[in-house]
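Structure first, commentary second.
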Amino acid sequence: NWNQYFDENLLIVCDEDIALRRLVNRGLSEKEANLRILNQMSVQEKIKKATRIIYNNGSLDELYSAIDSYLKDIC
């Protein structure tokens, strides 16, 4: 419940299949990656708490562009 102490809560999220693939690419087994995802708060719960959401389903350049846009928006 730390979100109550902040003016804005930014969530950067990707689809579960992409998250799974990225974890496996970082060296986790598929089983370990699934367990890690299952042990976290669900994406739906995270979205409920967020005031802003950036979807990270694309490339790193797309993510950086979205973050730049967010920062320009708040400054």
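FYI, nothing fancy with the structure tokens labels: chains A, B, ... in order, residues from 1 per chain, ligands from 1 as they appear.
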
### Message
Could you pull out the alpha helix (DSSP H) residues of chain A, going by DSSP on the backbone, and write them as JSON, numbers by chain?
### Response
{"A": [16, 17, 18, 19, 20, 21, 22, 23, 24, 25, 30, 31, 32, 33, 34, 35, 36, 37, 38, 43, 44, 45, 46, 47, 48, 49, 60, 61, 62, 63, 64, 65, 66, 67, 68, 69, 70, 71, 72, 73, 74]}

Writing out the chosen residues with N, CA and C atoms as a short mmCIF file (atom, residue, chain, number, x, y, z; two decimals), in the first residue's frame:
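Output file part.cif follows:
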```cif
data_model
loop_
_atom_site.label_atom_id
_atom_site.label_comp_id
_atom_site.auth_asym_id
_atom_site.auth_seq_id
_atom_site.Cartn_x
_atom_site.Cartn_y
_atom_site.Cartn_z
N GLU A 16 2.20 -11.59 -20.43
CA GLU A 16 2.81 -12.68 -19.67
C GLU A 16 3.68 -13.58 -20.54
N ASP A 17 3.28 -13.84 -21.77
CA ASP A 17 4.10 -14.70 -22.63
C ASP A 17 5.44 -14.05 -22.95
N ILE A 18 5.43 -12.73 -23.08
CA ILE A 18 6.69 -12.01 -23.33
C ILE A 18 7.55 -12.03 -22.08
N ALA A 19 6.94 -11.82 -20.91
CA ALA A 19 7.69 -11.87 -19.65
C ALA A 19 8.33 -13.24 -19.47
N LEU A 20 7.58 -14.28 -19.76
CA LEU A 20 8.08 -15.64 -19.64
C LEU A 20 9.28 -15.85 -20.56
N ARG A 21 9.14 -15.44 -21.81
CA ARG A 21 10.23 -15.61 -22.78
C ARG A 21 11.47 -14.84 -22.35
N ARG A 22 11.29 -13.62 -21.82
CA ARG A 22 12.43 -12.82 -21.39
C ARG A 22 13.14 -13.46 -20.20
N LEU A 23 12.38 -14.02 -19.27
CA LEU A 23 13.00 -14.70 -18.12
C LEU A 23 13.77 -15.93 -18.56
N VAL A 24 13.22 -16.70 -19.48
CA VAL A 24 13.92 -17.87 -20.00
C VAL A 24 15.20 -17.45 -20.73
N ASN A 25 15.13 -16.35 -21.48
CA ASN A 25 16.31 -15.85 -22.18
C ASN A 25 17.39 -15.38 -21.20
N GLU A 30 11.81 -22.75 -17.86
CA GLU A 30 10.42 -22.33 -18.05
C GLU A 30 9.63 -22.50 -16.75
N LYS A 31 9.92 -23.57 -16.03
CA LYS A 31 9.24 -23.81 -14.75
C LYS A 31 9.59 -22.72 -13.74
N GLU A 32 10.87 -22.37 -13.63
CA GLU A 32 11.29 -21.31 -12.71
C GLU A 32 10.67 -19.97 -13.09
N ALA A 33 10.62 -19.69 -14.37
CA ALA A 33 10.04 -18.44 -14.85
C ALA A 33 8.55 -18.37 -14.52
N ASN A 34 7.84 -19.47 -14.75
CA ASN A 34 6.42 -19.51 -14.40
C ASN A 34 6.19 -19.31 -12.92
N LEU A 35 7.01 -19.95 -12.09
CA LEU A 35 6.89 -19.78 -10.63
C LEU A 35 7.14 -18.34 -10.22
N ARG A 36 8.12 -17.71 -10.82
CA ARG A 36 8.41 -16.31 -10.49
C ARG A 36 7.22 -15.43 -10.82
N ILE A 37 6.63 -15.63 -11.98
CA ILE A 37 5.47 -14.84 -12.39
C ILE A 37 4.28 -15.10 -11.46
N LEU A 38 4.05 -16.37 -11.13
CA LEU A 38 2.92 -16.73 -10.27
C LEU A 38 3.06 -16.20 -8.84
N VAL A 43 -0.89 -8.97 -12.80
CA VAL A 43 -0.86 -7.76 -13.63
C VAL A 43 -2.14 -6.96 -13.44
N GLN A 44 -3.27 -7.64 -13.31
CA GLN A 44 -4.55 -6.94 -13.13
C GLN A 44 -4.54 -6.13 -11.83
N GLU A 45 -3.99 -6.69 -10.76
CA GLU A 45 -3.89 -5.96 -9.49
C GLU A 45 -2.93 -4.78 -9.60
N LYS A 46 -1.83 -4.97 -10.30
CA LYS A 46 -0.87 -3.89 -10.50
C LYS A 46 -1.51 -2.75 -11.28
N ILE A 47 -2.28 -3.09 -12.31
CA ILE A 47 -2.94 -2.08 -13.13
C ILE A 47 -3.92 -1.27 -12.30
N LYS A 48 -4.63 -1.92 -11.38
CA LYS A 48 -5.58 -1.21 -10.51
C LYS A 48 -4.89 -0.16 -9.66
N LYS A 49 -3.64 -0.39 -9.28
CA LYS A 49 -2.91 0.52 -8.42
C LYS A 49 -2.17 1.61 -9.19
N LEU A 60 13.53 -2.51 -26.97
CA LEU A 60 14.09 -1.62 -25.96
C LEU A 60 13.98 -0.16 -26.41
N ASP A 61 14.19 0.09 -27.70
CA ASP A 61 14.05 1.45 -28.23
C ASP A 61 12.62 1.97 -28.06
N GLU A 62 11.64 1.10 -28.27
CA GLU A 62 10.24 1.50 -28.07
C GLU A 62 9.96 1.81 -26.61
N LEU A 63 10.54 1.04 -25.71
CA LEU A 63 10.38 1.30 -24.28
C LEU A 63 11.00 2.65 -23.93
N TYR A 64 12.22 2.90 -24.38
CA TYR A 64 12.88 4.17 -24.09
C TYR A 64 12.07 5.34 -24.64
N SER A 65 11.49 5.18 -25.81
CA SER A 65 10.66 6.23 -26.40
C SER A 65 9.42 6.50 -25.55
N ALA A 66 8.80 5.45 -25.06
CA ALA A 66 7.61 5.60 -24.21
C ALA A 66 7.97 6.28 -22.89
N ILE A 67 9.12 5.92 -22.32
CA ILE A 67 9.57 6.56 -21.08
C ILE A 67 9.88 8.03 -21.33
N ASP A 68 10.55 8.34 -22.44
CA ASP A 68 10.82 9.74 -22.79
C ASP A 68 9.52 10.53 -22.91
N SER A 69 8.52 9.96 -23.55
CA SER A 69 7.23 10.64 -23.69
C SER A 69 6.58 10.88 -22.34
N TYR A 70 6.66 9.88 -21.47
CA TYR A 70 6.11 10.02 -20.12
C TYR A 70 6.82 11.15 -19.37
N LEU A 71 8.16 11.17 -19.43
CA LEU A 71 8.91 12.19 -18.71
C LEU A 71 8.62 13.59 -19.25
N LYS A 72 8.47 13.72 -20.57
CA LYS A 72 8.13 15.02 -21.15
C LYS A 72 6.75 15.46 -20.69
N ASP A 73 5.86 14.51 -20.53
CA ASP A 73 4.50 14.80 -20.11
C ASP A 73 4.43 15.31 -18.67
N ILE A 74 5.27 14.78 -17.80
CA ILE A 74 5.20 15.18 -16.39
C ILE A 74 6.08 16.37 -16.05
#
```

### Query
Using only C-alpha atoms, which residues sit within 10 Å of stretch 9-11 of chain A once same-chain residues fewer than 3 positions away are excluded, as a list in words?
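Returned residues: Trp2, Asn3, Gln4, Tyr5, Phe6, Cys14, Val43, Lys46, Ile47, Lys49, Ala50, Thr51, Arg52, Ile53, Ile54, Tyr55, Asn56 and Tyr70 of chain A.
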
### Task
Run DSSP on the backbone and give me the residues of chain A it puts in strand (DSSP E), as a count of residues only.
8
